[in-house]
file data20.csv (CSV, C-alpha atoms)
chain,number,residue,atom,x,y,z
A,1,MET,CA,91.8,-105.0,60.9
A,2,TYR,CA,90.6,-108.5,60.0
A,3,THR,CA,88.4,-110.8,62.1
A,4,LEU,CA,87.9,-114.5,61.4
A,5,VAL,CA,84.6,-115.7,62.9
A,6,ILE,CA,84.2,-119.5,63.2
A,7,GLY,CA,80.9,-121.1,64.0
A,8,ASP,CA,77.9,-123.1,62.8
A,9,TYR,CA,75.7,-121.6,60.1
A,10,ASP,CA,72.8,-123.3,58.4
A,11,HIS,CA,73.9,-126.7,59.8
A,12,HIS,CA,77.4,-126.2,58.4
A,13,LYS,CA,80.7,-125.4,60.1
A,14,MET,CA,81.9,-122.2,58.5
A,15,GLY,CA,84.4,-119.4,58.8
A,16,PHE,CA,83.7,-115.8,57.9
A,17,LEU,CA,86.6,-113.4,57.2
A,18,MET,CA,85.7,-109.8,58.0
A,19,GLU,CA,87.6,-106.7,56.9
A,20,ASP,CA,86.5,-104.1,59.5
A,21,SER,CA,82.7,-104.6,59.2
A,22,ARG,CA,82.7,-106.0,55.6
A,23,LEU,CA,82.3,-109.7,54.9
A,24,VAL,CA,85.1,-110.5,52.3
A,25,GLU,CA,85.5,-114.3,52.3
A,26,THR,CA,83.9,-117.5,53.6
A,27,VAL,CA,85.4,-120.8,54.5
A,28,ASN,CA,83.0,-123.6,53.6
A,29,VAL,CA,83.6,-127.3,53.1
A,30,SER,CA,80.7,-129.7,52.4
A,31,GLY,CA,80.5,-132.7,54.7
A,32,ASP,CA,80.8,-135.2,51.8
A,33,SER,CA,83.8,-133.5,50.2
A,34,ILE,CA,86.5,-135.8,48.8
A,35,LEU,CA,89.0,-132.9,48.0
A,36,GLY,CA,92.5,-134.0,49.0
A,37,ASN,CA,91.6,-137.7,49.4
A,38,ILE,CA,94.0,-140.1,47.8
A,39,TYR,CA,92.8,-143.2,45.9
A,40,THR,CA,94.0,-146.0,43.7
A,41,ALA,CA,92.0,-145.7,40.5
A,42,ARG,CA,91.8,-147.7,37.3
A,43,VAL,CA,92.2,-146.1,33.9
A,44,VAL,CA,88.9,-146.9,32.1
A,45,LYS,CA,89.2,-144.6,29.1
A,46,ILE,CA,91.9,-142.5,27.4
A,47,VAL,CA,90.8,-139.6,25.1
A,48,LYS,CA,93.8,-138.7,23.0
A,49,THR,CA,92.2,-135.5,21.5
A,50,ILE,CA,92.1,-133.8,24.9
A,51,GLU,CA,95.2,-135.6,26.3
A,52,ALA,CA,93.2,-137.0,29.2
A,53,ALA,CA,92.2,-140.2,30.9
A,54,PHE,CA,89.2,-141.1,33.0
A,55,LEU,CA,89.7,-143.0,36.1
A,56,ASP,CA,87.4,-145.2,38.2
A,57,ALA,CA,88.0,-145.0,42.0
A,58,GLY,CA,84.8,-146.9,42.8
A,59,LEU,CA,82.9,-143.7,43.7
A,60,GLY,CA,80.2,-144.0,41.1
A,61,ASP,CA,81.6,-141.4,38.7
A,62,THR,CA,84.9,-141.2,37.0
A,63,PHE,CA,87.7,-138.7,37.7
A,64,TYR,CA,89.2,-136.5,34.9
A,65,TYR,CA,93.0,-136.9,34.8
A,66,SER,CA,95.1,-134.7,32.6
A,67,LEU,CA,97.9,-136.8,30.9
A,68,LYS,CA,99.7,-133.6,29.8
A,69,ASP,CA,99.7,-131.9,33.2
A,70,ASN,CA,100.8,-135.2,35.0
A,71,GLU,CA,103.4,-136.3,32.4
A,72,LYS,CA,106.4,-138.0,33.9
A,73,ARG,CA,104.8,-137.9,37.4
A,74,HIS,CA,102.4,-140.8,37.0
A,75,ILE,CA,102.4,-143.1,40.0
A,76,PHE,CA,101.7,-146.6,38.7
A,77,VAL,CA,100.3,-149.1,41.2
A,78,ARG,CA,99.8,-151.6,38.3
A,79,HIS,CA,101.1,-150.9,34.8
A,80,MET,CA,100.0,-152.7,31.6
A,81,SER,CA,103.0,-151.9,29.4
A,82,ASN,CA,106.7,-151.4,29.6
A,83,THR,CA,106.6,-147.7,28.6
A,84,ASP,CA,106.0,-144.6,30.7
A,85,LYS,CA,102.7,-144.0,29.0
A,86,VAL,CA,99.4,-144.4,30.7
A,87,CYS,CA,97.3,-147.3,29.3
A,88,GLU,CA,93.7,-148.4,29.8
A,89,GLY,CA,93.7,-150.9,32.6
A,90,ASP,CA,96.5,-149.3,34.5
A,91,ILE,CA,96.0,-148.6,38.2
A,92,LEU,CA,97.2,-145.2,39.3
A,93,LEU,CA,97.6,-143.5,42.7
A,94,VAL,CA,96.0,-140.1,42.5
A,95,GLN,CA,94.8,-137.2,44.8
A,96,VAL,CA,91.5,-135.4,44.2
A,97,ALA,CA,92.6,-131.9,43.2
A,98,ARG,CA,89.2,-130.5,42.4
A,99,GLU,CA,85.7,-131.5,43.4
A,100,ALA,CA,83.0,-132.1,40.9
A,101,VAL,CA,81.3,-128.8,40.1
A,102,LYS,CA,77.9,-128.9,38.3
A,103,THR,CA,78.4,-131.1,35.2
A,104,LYS,CA,82.2,-131.1,35.4
A,105,LYS,CA,83.8,-134.2,36.9
A,106,ALA,CA,86.2,-134.2,39.8
A,107,GLU,CA,89.8,-133.9,38.8
A,108,ALA,CA,92.5,-136.2,40.0
A,109,SER,CA,96.2,-135.5,40.0
A,110,ALA,CA,99.5,-137.3,40.4
A,111,ASN,CA,100.7,-134.3,42.5
A,112,ILE,CA,100.3,-136.0,45.9
A,113,GLU,CA,100.4,-132.9,48.1
A,114,PHE,CA,100.5,-132.5,51.9
A,115,ILE,CA,100.0,-129.1,53.5
A,116,GLY,CA,101.7,-128.0,56.7
A,117,LYS,CA,101.8,-124.8,58.6
A,118,ASN,CA,105.0,-123.6,57.0
A,119,VAL,CA,105.7,-126.0,54.2
A,120,VAL,CA,103.7,-127.7,51.4
A,121,ILE,CA,105.2,-130.9,50.1
A,122,ASN,CA,104.2,-131.8,46.5
A,123,ARG,CA,105.4,-133.7,43.4
A,124,LEU,CA,106.2,-130.7,41.2
A,125,GLY,CA,110.0,-131.2,41.4
A,126,VAL,CA,110.7,-127.5,42.4
A,127,ILE,CA,111.4,-125.8,45.7
A,128,GLY,CA,109.6,-122.5,45.8
A,129,VAL,CA,108.8,-119.7,48.2
A,130,SER,CA,105.6,-117.7,48.7
A,131,LYS,CA,105.5,-114.6,46.5
A,132,LYS,CA,104.6,-112.6,49.6
A,133,THR,CA,108.0,-113.2,51.0
A,134,HIS,CA,109.8,-110.3,49.3
A,135,ASP,CA,113.2,-110.4,51.1
A,136,SER,CA,115.5,-112.1,48.6
A,137,SER,CA,118.0,-113.2,51.3
A,138,LYS,CA,115.2,-114.7,53.4
A,139,ARG,CA,113.9,-116.5,50.3
A,140,GLU,CA,117.3,-118.0,49.7
A,141,GLU,CA,117.6,-119.0,53.3
A,142,LEU,CA,114.3,-120.8,53.3
A,143,LYS,CA,115.1,-122.7,50.1
A,144,ASN,CA,118.4,-123.8,51.5
A,145,ILE,CA,116.7,-125.3,54.6
A,146,VAL,CA,114.5,-127.5,52.5
A,147,GLU,CA,117.2,-128.3,50.0
A,148,ASP,CA,119.4,-129.6,52.9
A,149,VAL,CA,116.5,-131.8,54.1
A,150,PHE,CA,116.0,-133.2,50.7
A,151,LYS,CA,119.7,-134.2,50.5
A,152,GLU,CA,119.6,-135.7,54.0
A,153,GLN,CA,116.4,-137.7,53.0
A,154,HIS,CA,118.0,-138.7,49.7
A,155,ILE,CA,115.2,-137.1,47.7
A,156,ASP,CA,116.5,-137.1,44.1
A,157,ASP,CA,113.8,-138.5,41.9
A,158,GLY,CA,113.1,-135.2,40.2
A,159,CYS,CA,109.4,-135.2,41.2
A,160,VAL,CA,109.3,-134.2,44.9
A,161,GLY,CA,109.0,-130.5,45.5
A,162,ALA,CA,108.0,-128.0,48.1
A,163,VAL,CA,106.6,-124.5,48.7
A,164,LEU,CA,107.6,-122.4,51.7
A,165,ARG,CA,104.5,-120.6,52.9
A,166,THR,CA,104.3,-117.0,53.9
A,167,GLY,CA,104.5,-117.8,57.7
A,168,ALA,CA,107.8,-119.7,57.2
A,169,ALA,CA,109.6,-116.4,57.0
A,170,GLU,CA,108.9,-115.8,60.7
A,171,GLU,CA,109.6,-119.4,61.9
A,172,LYS,CA,112.7,-121.0,63.3
A,173,SER,CA,114.7,-123.1,60.9
A,174,GLU,CA,114.5,-126.2,63.1
A,175,ILE,CA,110.8,-126.1,63.1
A,176,ILE,CA,110.7,-125.8,59.3
A,177,LYS,CA,113.1,-128.7,59.0
A,178,GLU,CA,111.1,-130.9,61.3
A,179,GLU,CA,107.9,-130.1,59.5
A,180,THR,CA,109.5,-130.8,56.1
A,181,ILE,CA,110.8,-134.2,57.3
A,182,LYS,CA,107.4,-135.1,58.7
A,183,LEU,CA,105.5,-134.2,55.5
A,184,LEU,CA,108.1,-136.0,53.3
A,185,CYS,CA,107.6,-139.2,55.4
A,186,LYS,CA,103.9,-138.8,55.1
A,187,GLN,CA,104.0,-138.6,51.3
A,188,ARG,CA,106.5,-141.5,51.1
A,189,THR,CA,104.4,-143.7,53.3
A,190,VAL,CA,101.2,-143.1,51.3
A,191,ILE,CA,102.9,-143.9,48.0
A,192,GLU,CA,104.5,-147.0,49.4
A,193,ASP,CA,101.2,-148.1,51.0
A,194,SER,CA,99.6,-148.0,47.6
A,195,ARG,CA,101.8,-150.7,46.1
A,196,ASN,CA,100.0,-153.9,45.2
A,197,ARG,CA,96.6,-152.4,46.2
A,198,ALA,CA,93.5,-153.0,44.2
A,199,ALA,CA,91.7,-150.2,42.2
A,200,GLY,CA,89.1,-148.2,44.1
A,201,GLU,CA,90.8,-148.1,47.5
A,202,LEU,CA,91.0,-145.0,49.7
A,203,ILE,CA,94.6,-144.7,50.7
A,204,TYR,CA,94.4,-141.4,52.6
A,205,GLU,CA,91.4,-139.4,53.7
A,206,ASN,CA,91.8,-135.7,54.0
A,207,SER,CA,89.6,-135.5,57.1
A,208,ASP,CA,90.3,-132.0,58.3
A,209,LEU,CA,89.6,-129.9,55.2
A,210,PHE,CA,87.9,-127.2,57.3
A,211,GLY,CA,90.8,-127.0,59.7
A,212,ASN,CA,93.3,-126.8,56.8
A,213,ALA,CA,91.3,-124.0,55.2
A,214,ILE,CA,91.2,-122.0,58.5
A,215,GLU,CA,95.0,-122.5,58.9
A,216,GLU,CA,95.5,-121.2,55.4
A,217,ILE,CA,93.7,-118.0,56.3
A,218,LYS,CA,95.7,-117.6,59.5
A,219,ASN,CA,98.9,-118.1,57.6
A,220,ARG,CA,98.2,-115.0,55.4
A,221,PHE,CA,98.3,-112.5,58.3
A,222,PRO,CA,100.8,-111.5,61.1
A,223,GLU,CA,99.2,-112.5,64.4
A,224,GLU,CA,98.4,-108.9,65.3
A,225,GLU,CA,96.5,-108.3,62.1
A,226,LEU,CA,93.9,-111.1,62.6
A,227,LYS,CA,91.5,-111.5,65.4
A,228,ILE,CA,89.9,-114.9,65.8
A,229,ILE,CA,86.4,-115.4,67.3
A,230,GLU,CA,85.0,-118.8,68.1
A,231,GLU,CA,81.8,-117.9,70.0
A,232,ASP,CA,78.4,-119.4,69.3
A,233,ASP,CA,76.6,-116.1,69.2
A,234,ALA,CA,79.3,-114.2,67.2
A,235,ILE,CA,77.6,-114.8,63.9
A,236,VAL,CA,74.4,-113.2,65.3
A,237,LYS,CA,76.2,-110.3,67.1
A,238,LEU,CA,78.1,-109.3,63.9
A,239,ASP,CA,75.0,-109.6,61.7
A,240,ILE,CA,76.7,-112.0,59.4
A,241,ASP,CA,73.5,-113.7,58.2
A,242,ASN,CA,72.2,-110.4,56.9
A,243,LYS,CA,75.6,-109.5,55.3
A,244,LEU,CA,75.8,-112.9,53.6
A,245,SER,CA,72.2,-112.9,52.4
A,246,LYS,CA,72.8,-109.6,50.6
A,247,LEU,CA,75.8,-110.9,48.8
A,248,MET,CA,74.1,-114.2,47.8
A,249,LYS,CA,71.2,-112.4,45.9
A,250,ARG,CA,71.0,-112.1,42.2
A,251,VAL,CA,70.9,-108.3,42.5
A,252,VAL,CA,73.7,-107.0,44.7
A,253,ASN,CA,73.6,-103.3,45.5
A,254,LEU,CA,76.8,-101.1,45.3
A,255,PRO,CA,77.6,-98.8,48.2
A,256,ASN,CA,77.3,-95.5,46.3
A,257,GLY,CA,74.5,-96.4,43.8
A,258,GLY,CA,74.2,-98.8,41.0
A,259,CYS,CA,74.0,-102.6,41.3
A,260,LEU,CA,75.3,-105.9,39.9
A,261,TYR,CA,73.2,-108.6,38.3
A,262,VAL,CA,74.8,-112.0,38.9
A,263,ASP,CA,73.7,-115.0,36.8
A,264,MET,CA,75.2,-118.4,36.9
A,265,THR,CA,75.0,-120.9,34.0
A,266,GLU,CA,76.5,-124.3,33.4
A,267,ALA,CA,79.3,-122.7,31.4
A,268,MET,CA,80.1,-119.5,33.2
A,269,THR,CA,79.1,-116.8,35.6
A,270,VAL,CA,77.9,-113.6,34.0
A,271,ILE,CA,77.9,-110.3,35.9
A,272,ASP,CA,76.3,-107.1,34.6
A,273,VAL,CA,77.2,-103.7,36.1
A,274,ASN,CA,74.2,-101.4,36.1
A,275,SER,CA,74.4,-97.7,36.9
A,276,GLY,CA,70.9,-97.4,38.2
A,277,ARG,CA,70.3,-93.9,39.3
A,278,ALA,CA,73.9,-93.3,40.3
A,279,VAL,CA,74.9,-91.2,37.3
A,280,SER,CA,74.2,-87.4,37.5
A,281,GLY,CA,75.8,-84.3,36.3
A,282,LYS,CA,77.8,-83.5,33.2
A,283,ASP,CA,80.9,-85.6,33.7
A,284,LYS,CA,79.3,-89.0,33.0
A,285,GLU,CA,82.6,-90.6,32.0
A,286,LYS,CA,84.1,-89.9,35.4
A,287,SER,CA,80.9,-91.2,37.1
A,288,PHE,CA,81.0,-94.4,35.0
A,289,LEU,CA,84.6,-95.0,35.8
A,290,LYS,CA,83.8,-94.6,39.5
A,291,ILE,CA,80.9,-97.0,39.4
A,292,ASN,CA,82.9,-99.6,37.4
A,293,THR,CA,85.8,-99.5,39.9
A,294,GLU,CA,83.4,-99.8,42.8
A,295,ALA,CA,81.7,-102.7,41.0
A,296,MET,CA,85.0,-104.5,40.6
A,297,ASP,CA,85.7,-104.1,44.4
A,298,MET,CA,82.3,-105.7,45.0
A,299,ILE,CA,82.9,-108.4,42.4
A,300,GLY,CA,86.2,-109.3,44.1
A,301,ARG,CA,84.3,-109.9,47.4
A,302,LEU,CA,81.6,-111.9,45.6
A,303,LEU,CA,84.1,-114.3,44.1
A,304,ARG,CA,85.6,-115.0,47.5
A,305,VAL,CA,82.4,-115.0,49.5
A,306,ARG,CA,80.4,-117.2,47.1
A,307,ASN,CA,83.4,-119.2,45.8
A,308,LEU,CA,82.5,-118.5,42.2
A,309,SER,CA,85.0,-120.2,39.8
A,310,GLY,CA,85.6,-121.1,36.2
A,311,MET,CA,84.9,-118.5,33.5
A,312,ILE,CA,83.6,-115.2,34.7
A,313,ILE,CA,82.3,-112.6,32.2
A,314,ILE,CA,81.7,-109.0,33.4
A,315,ASP,CA,79.8,-106.4,31.4
A,316,PHE,CA,81.0,-103.1,32.8
A,317,ILE,CA,79.3,-99.8,32.0
A,318,SER,CA,80.6,-98.6,28.6
A,319,MET,CA,83.1,-95.7,28.6
A,320,LYS,CA,84.4,-93.7,25.7
A,321,ASP,CA,87.9,-92.7,26.9
A,322,PRO,CA,90.6,-95.4,26.4
A,323,GLU,CA,92.4,-94.0,29.5
A,324,SER,CA,89.3,-94.8,31.6
A,325,TYR,CA,89.6,-98.4,30.4
A,326,ARG,CA,93.3,-98.5,31.2
A,327,VAL,CA,92.5,-97.4,34.7
A,328,LEU,CA,89.7,-99.9,35.1
A,329,ILE,CA,91.9,-102.8,33.8
A,330,ASN,CA,94.7,-102.0,36.2
A,331,HIS,CA,92.1,-101.9,39.0
A,332,ILE,CA,90.7,-105.3,38.0
A,333,LYS,CA,94.2,-106.8,38.1
A,334,GLU,CA,94.9,-105.2,41.5
A,335,VAL,CA,91.7,-106.6,43.0
A,336,ILE,CA,92.2,-110.2,41.7
A,337,SER,CA,95.8,-110.2,42.8
A,338,LYS,CA,94.5,-110.2,46.4
A,339,ASP,CA,92.4,-113.3,45.9
A,340,PRO,CA,94.0,-116.4,47.5
A,341,VAL,CA,92.5,-118.5,44.8
A,342,LYS,CA,94.3,-118.1,41.4
A,343,THR,CA,92.3,-115.6,39.4
A,344,VAL,CA,93.4,-114.4,35.9
A,345,TYR,CA,92.4,-111.5,33.8
A,346,VAL,CA,92.2,-113.0,30.3
A,347,ASP,CA,91.1,-110.3,28.0
A,348,THR,CA,88.5,-107.6,27.1
A,349,THR,CA,86.4,-108.7,24.1
A,350,GLY,CA,85.5,-106.5,21.1
A,351,LEU,CA,82.2,-105.9,22.8
A,352,GLY,CA,83.8,-104.6,25.9
A,353,LEU,CA,83.2,-107.7,28.0
A,354,VAL,CA,85.9,-108.5,30.6
A,355,GLU,CA,86.9,-112.2,30.8
A,356,LEU,CA,88.3,-113.6,34.0
A,357,THR,CA,89.0,-117.2,35.1
A,358,ARG,CA,89.1,-118.4,38.7
A,359,GLN,CA,90.6,-121.7,39.6
A,360,LYS,CA,88.0,-124.4,40.5
A,361,LYS,CA,88.7,-126.5,43.6
A,362,ALA,CA,85.6,-126.7,45.9
A,363,ARG,CA,81.9,-126.4,45.3
A,364,PRO,CA,80.4,-122.9,45.3
A,365,LEU,CA,78.8,-121.7,48.5
A,366,HIS,CA,75.2,-121.8,47.1
A,367,GLU,CA,75.5,-125.5,46.3
A,368,ILE,CA,76.7,-126.4,49.8
A,369,LEU,CA,74.1,-124.4,51.6
A,370,ARG,CA,71.4,-125.6,49.3
A,371,GLY,CA,72.5,-129.2,50.0

call {"tool": "encode", "arguments": {"input": "data20.csv", "output": "structure tokens"}}
result
Amino acid sequence: MYTLVIGDYDHHKMGFLMEDSRLVETVNVSGDSILGNIYTARVVKIVKTIEAAFLDAGLGDTFYYSLKDNEKRHIFVRHMSNTDKVCEGDILLVQVAREAVKTKKAEASANIEFIGKNVVINRLGVIGVSKKTHDSSKREELKNIVEDVFKEQHIDDGCVGAVLRTGAAEEKSEIIKEETIKLLCKQRTVIEDSRNRAAGELIYENSDLFGNAIEEIKNRFPEEELKIIEEDDAIVKLDIDNKLSKLMKRVVNLPNGGCLYVDMTEAMTVIDVNSGRAVSGKDKEKSFLKINTEAMDMIGRLLRVRNLSGMIIIDFISMKDPESYRVLINHIKEVISKDPVKTVYVDTTGLGLVELTRQKKARPLHEILRG
């Protein structure tokens, strides 16, 4: 059973997702977040070696803008050439896809995206369905609903796309259709409103980031699986402060012995698995595998609770049996598959270090609470 607790914590509006009595995820959005905002921005520099441009939206620092990822989707407000290439001096319409994290700049995208309860409208040119909707006939039915709307709305520029969210499988077709039309109109209006605007103008403010994040969590569960509590004293009653404090420390204890050492640098997060006094008896290999799998369960929670992202290096306890590593790698992949933020197992190095990457979107929790 899952419980979503919503309330004020350390002067921030936050959500805490509990699985039984365990804290497994937080919803945290800083008050000065620009994630999802849409701006007109001037191209001030192009770096061909990394296929990127840097844009000035009048916010004091430039945005990173991938020319490769946004190829053929650029939205020109003002264009300095007669080609489809981005040039210095161009003014583009962009949406903030990732906030600035540490020394990394915020990332802007031409993928102007609007998120609804059942549908996400984007500019990726494809109609997709949530992977959690397994019924092939239902997937086809949902795609047909949106395809029909696109035809009715004369959407044929090859850029506009959509994703049917998990909850859409339980929704009436008329409601999905109405929501799709509404979001398409919203996207079209924003793009048209940017025409002939100057650089550095805020065209759309994503004012309800927290509400959208809460809706995203609700959308993952059938109604009977998720209990929602919005009571001022719920955070105290459920001892959430104590649970969060333990998960925010550098040394995080594992349930059955052993611990994790979590160190964050500018380039990556490094996690060392320590057996402590948890190993006893003759069958150390079996004990090491047990600690490593328990450690990965805890690491999965830490990534979601603390919103750790970017490159993550894990030093598990060394094991001798290749079969033990096969079991561990499979467990790692299973744990990260449950993360709502895209997380990828990259490789295990020659030194036995596991490399993961987790998509960067918002600031990590420690930066928000510290601020």

call {"tool": "residues_around", "arguments": {"input": "data20.csv", "residues": "range 37-49 of chain A", "least_positions_apart": "5", "cutoff": "6 Å", "atoms": "all atoms listed in the file", "output": "CSV table (one decimal) with C-alpha atoms, keeping the file's coordinate frame"}}
result
chain,number,residue,atom,x,y,z
A,54,PHE,CA,89.2,-141.1,33.0
A,55,LEU,CA,89.7,-143.0,36.1
A,56,ASP,CA,87.4,-145.2,38.2
A,57,ALA,CA,88.0,-145.0,42.0
A,88,GLU,CA,93.7,-148.4,29.8
A,89,GLY,CA,93.7,-150.9,32.6
A,90,ASP,CA,96.5,-149.3,34.5
A,91,ILE,CA,96.0,-148.6,38.2
A,92,LEU,CA,97.2,-145.2,39.3
A,93,LEU,CA,97.6,-143.5,42.7
A,94,VAL,CA,96.0,-140.1,42.5
A,95,GLN,CA,94.8,-137.2,44.8
A,96,VAL,CA,91.5,-135.4,44.2
A,199,ALA,CA,91.7,-150.2,42.2
A,200,GLY,CA,89.1,-148.2,44.1
A,201,GLU,CA,90.8,-148.1,47.5
A,202,LEU,CA,91.0,-145.0,49.7
A,203,ILE,CA,94.6,-144.7,50.7
A,204,TYR,CA,94.4,-141.4,52.6
A,205,GLU,CA,91.4,-139.4,53.7
A,206,ASN,CA,91.8,-135.7,54.0

call {"tool": "closest_residue", "arguments": {"input": "data20.csv", "among": "A:Val24, A:Ala52, A:Leu244, A:Val327", "to": "Asp10 in chain A", "atoms": "all atoms listed in the file"}}
result
A:Leu244

call {"tool": "atom_distance", "arguments": {"input": "data20.csv", "atom1": "CA of Leu4 in chain A", "atom2": "CA of Asn253 in chain A"}}
result
24.1 Å

call {"tool": "closest_residue", "arguments": {"input": "data20.csv", "among": "A:Lys338, A:Asn28, A:Ala169, A:Val163", "to": "His12 in chain A", "atoms": "all atoms listed in the file"}}
result
A:Asn28

call {"tool": "residues_around", "arguments": {"input": "data20.csv", "residues": "range 172-188 of chain A", "least_positions_apart": "6", "cutoff": "8 Å", "atoms": "all atoms listed in the file", "output": "VMD selection string"}}
result
chain A and resid 112 to 116 118 to 121 142 145 to 146 149 153

call {"tool": "write_last_selection", "arguments": {"input": "data20.csv", "atoms": "C-alpha atoms", "output": "compact mmCIF listing (two decimals), in the frame of the given file"}}
result
# COMPACT_ATOMS: atom_id res chain seq x y z
CA ILE A 112 100.30 -136.00 45.90
CA GLU A 113 100.40 -132.90 48.10
CA PHE A 114 100.50 -132.50 51.90
CA ILE A 115 100.00 -129.10 53.50
CA GLY A 116 101.70 -128.00 56.70
CA ASN A 118 105.00 -123.60 57.00
CA VAL A 119 105.70 -126.00 54.20
CA VAL A 120 103.70 -127.70 51.40
CA ILE A 121 105.20 -130.90 50.10
CA LEU A 142 114.30 -120.80 53.30
CA ILE A 145 116.70 -125.30 54.60
CA VAL A 146 114.50 -127.50 52.50
CA VAL A 149 116.50 -131.80 54.10
CA GLN A 153 116.40 -137.70 53.00

call {"tool": "residues_around", "arguments": {"input": "data20.csv", "residues": "Gly211 in chain A", "least_positions_apart": "3", "cutoff": "10 Å", "atoms": "all atoms listed in the file", "output": "PyMOL selection string"}}
result
chain A and resi 15+27+29+207-208+214-216

call {"tool": "closest_residue", "arguments": {"input": "data20.csv", "among": "A:Ile229, A:Ala234, A:Ala198, A:Val101", "to": "Pro364 in chain A", "atoms": "only C-alpha atoms"}}
result
A:Val101

call {"tool": "closest_residue", "arguments": {"input": "data20.csv", "among": "A:Thr348, A:Thr83, A:Asn242, A:Thr189", "to": "Ile314 in chain A", "atoms": "all atoms listed in the file"}}
result
A:Thr348

call {"tool": "residues_near_point", "arguments": {"input": "data20.csv", "point": "(78.9, -99.8, 48.4)", "cutoff": "12 Å", "atoms": "only C-alpha atoms", "output": "list in words"}}
result
Arg22, Lys246, Leu247, Val252, Asn253, Leu254, Pro255, Asn256, Gly257, Gly258, Cys259, Leu260, Ala278, Lys290, Ile291, Asn292, Thr293, Glu294, Ala295, Met296, Asp297, Met298, Ile299 and Arg301 of chain A

call {"tool": "residues_around", "arguments": {"input": "data20.csv", "residues": "Glu323 in chain A", "least_positions_apart": "4", "cutoff": "12 Å", "atoms": "only C-alpha atoms", "output": "PyMOL selection string"}}
result
chain A and resi 285-286+289+319+327-330

call {"tool": "residues_around", "arguments": {"input": "data20.csv", "residues": "Met264 in chain A", "least_positions_apart": "3", "cutoff": "10 Å", "atoms": "all atoms listed in the file", "output": "list in words"}}
result
Arg250, Ala267, Met268, Thr269, Val270, Ile271, Leu308 and Ile312 of chain A

call {"tool": "atom_distance", "arguments": {"input": "data20.csv", "atom1": "CA of Lys361 in chain A", "atom2": "CA of Leu17 in chain A"}}
result
19.0 Å

call {"tool": "atom_distance", "arguments": {"input": "data20.csv", "atom1": "CA of Lys131 in chain A", "atom2": "CA of Glu355 in chain A"}}
result
24.5 Å

call {"tool": "residues_near_point", "arguments": {"input": "data20.csv", "point": "(87.6, -129.1, 52.8)", "cutoff": "7 Å", "atoms": "all atoms listed in the file", "output": "PyMOL selection string"}}
result
chain A and resi 29-30+33+35+208-210+213

call {"tool": "closest_residue", "arguments": {"input": "data20.csv", "among": "A:Leu226, A:Val251, A:Val344, A:Ile50", "to": "Thr3 in chain A", "atoms": "all atoms listed in the file"}}
result
A:Leu226

call {"tool": "closest_residue", "arguments": {"input": "data20.csv", "among": "A:Glu192, A:Asp339, A:Asp135, A:Asp272", "to": "Arg304 in chain A", "atoms": "all atoms listed in the file"}}
result
A:Asp339

call {"tool": "decode", "arguments": {"input": "data20.csv", "residues": "range 358-366 of chain A", "atoms": "N, CA, C and O atoms", "output": "PDB file, in the first residue's frame"}}
result
ATOM      1  N   ARG A 358      21.332   8.824 -14.414  1.00  0.00           N
ATOM      2  CA  ARG A 358      19.941   9.160 -14.107  1.00  0.00           C
ATOM      3  C   ARG A 358      19.665  10.549 -14.665  1.00  0.00           C
ATOM      4  O   ARG A 358      20.425  11.489 -14.432  1.00  0.00           O
ATOM      5  N   GLN A 359      18.568  10.665 -15.394  1.00  0.00           N
ATOM      6  CA  GLN A 359      18.254  11.900 -16.112  1.00  0.00           C
ATOM      7  C   GLN A 359      18.177  13.083 -15.166  1.00  0.00           C
ATOM      8  O   GLN A 359      17.576  13.006 -14.088  1.00  0.00           O
ATOM      9  N   LYS A 360      18.772  14.179 -15.600  1.00  0.00           N
ATOM     10  CA  LYS A 360      18.729  15.416 -14.809  1.00  0.00           C
ATOM     11  C   LYS A 360      17.559  16.272 -15.257  1.00  0.00           C
ATOM     12  O   LYS A 360      17.412  16.556 -16.434  1.00  0.00           O
ATOM     13  N   LYS A 361      16.741  16.676 -14.314  1.00  0.00           N
ATOM     14  CA  LYS A 361      15.659  17.609 -14.610  1.00  0.00           C
ATOM     15  C   LYS A 361      15.645  18.743 -13.589  1.00  0.00           C
ATOM     16  O   LYS A 361      15.804  19.902 -13.924  1.00  0.00           O
ATOM     17  N   ALA A 362      15.412  18.381 -12.346  1.00  0.00           N
ATOM     18  CA  ALA A 362      15.314  19.381 -11.286  1.00  0.00           C
ATOM     19  C   ALA A 362      16.513  19.275 -10.352  1.00  0.00           C
ATOM     20  O   ALA A 362      17.305  18.333 -10.414  1.00  0.00           O
ATOM     21  N   ARG A 363      16.637  20.251  -9.475  1.00  0.00           N
ATOM     22  CA  ARG A 363      17.744  20.285  -8.529  1.00  0.00           C
ATOM     23  C   ARG A 363      17.602  19.162  -7.495  1.00  0.00           C
ATOM     24  O   ARG A 363      16.494  18.776  -7.139  1.00  0.00           O
ATOM     25  N   PRO A 364      18.739  18.640  -6.993  1.00  0.00           N
ATOM     26  CA  PRO A 364      18.661  17.616  -5.951  1.00  0.00           C
ATOM     27  C   PRO A 364      18.072  18.207  -4.661  1.00  0.00           C
ATOM     28  O   PRO A 364      18.139  19.412  -4.426  1.00  0.00           O
ATOM     29  N   LEU A 365      17.514  17.336  -3.844  1.00  0.00           N
ATOM     30  CA  LEU A 365      16.796  17.781  -2.655  1.00  0.00           C
ATOM     31  C   LEU A 365      17.683  18.561  -1.697  1.00  0.00           C
ATOM     32  O   LEU A 365      17.256  19.555  -1.121  1.00  0.00           O
ATOM     33  N   HIS A 366      18.943  18.159  -1.544  1.00  0.00           N
ATOM     34  CA  HIS A 366      19.792  18.855  -0.577  1.00  0.00           C
ATOM     35  C   HIS A 366      20.041  20.309  -0.965  1.00  0.00           C
ATOM     36  O   HIS A 366      20.179  21.172  -0.111  1.00  0.00           O
TER      37      HIS A 366
END
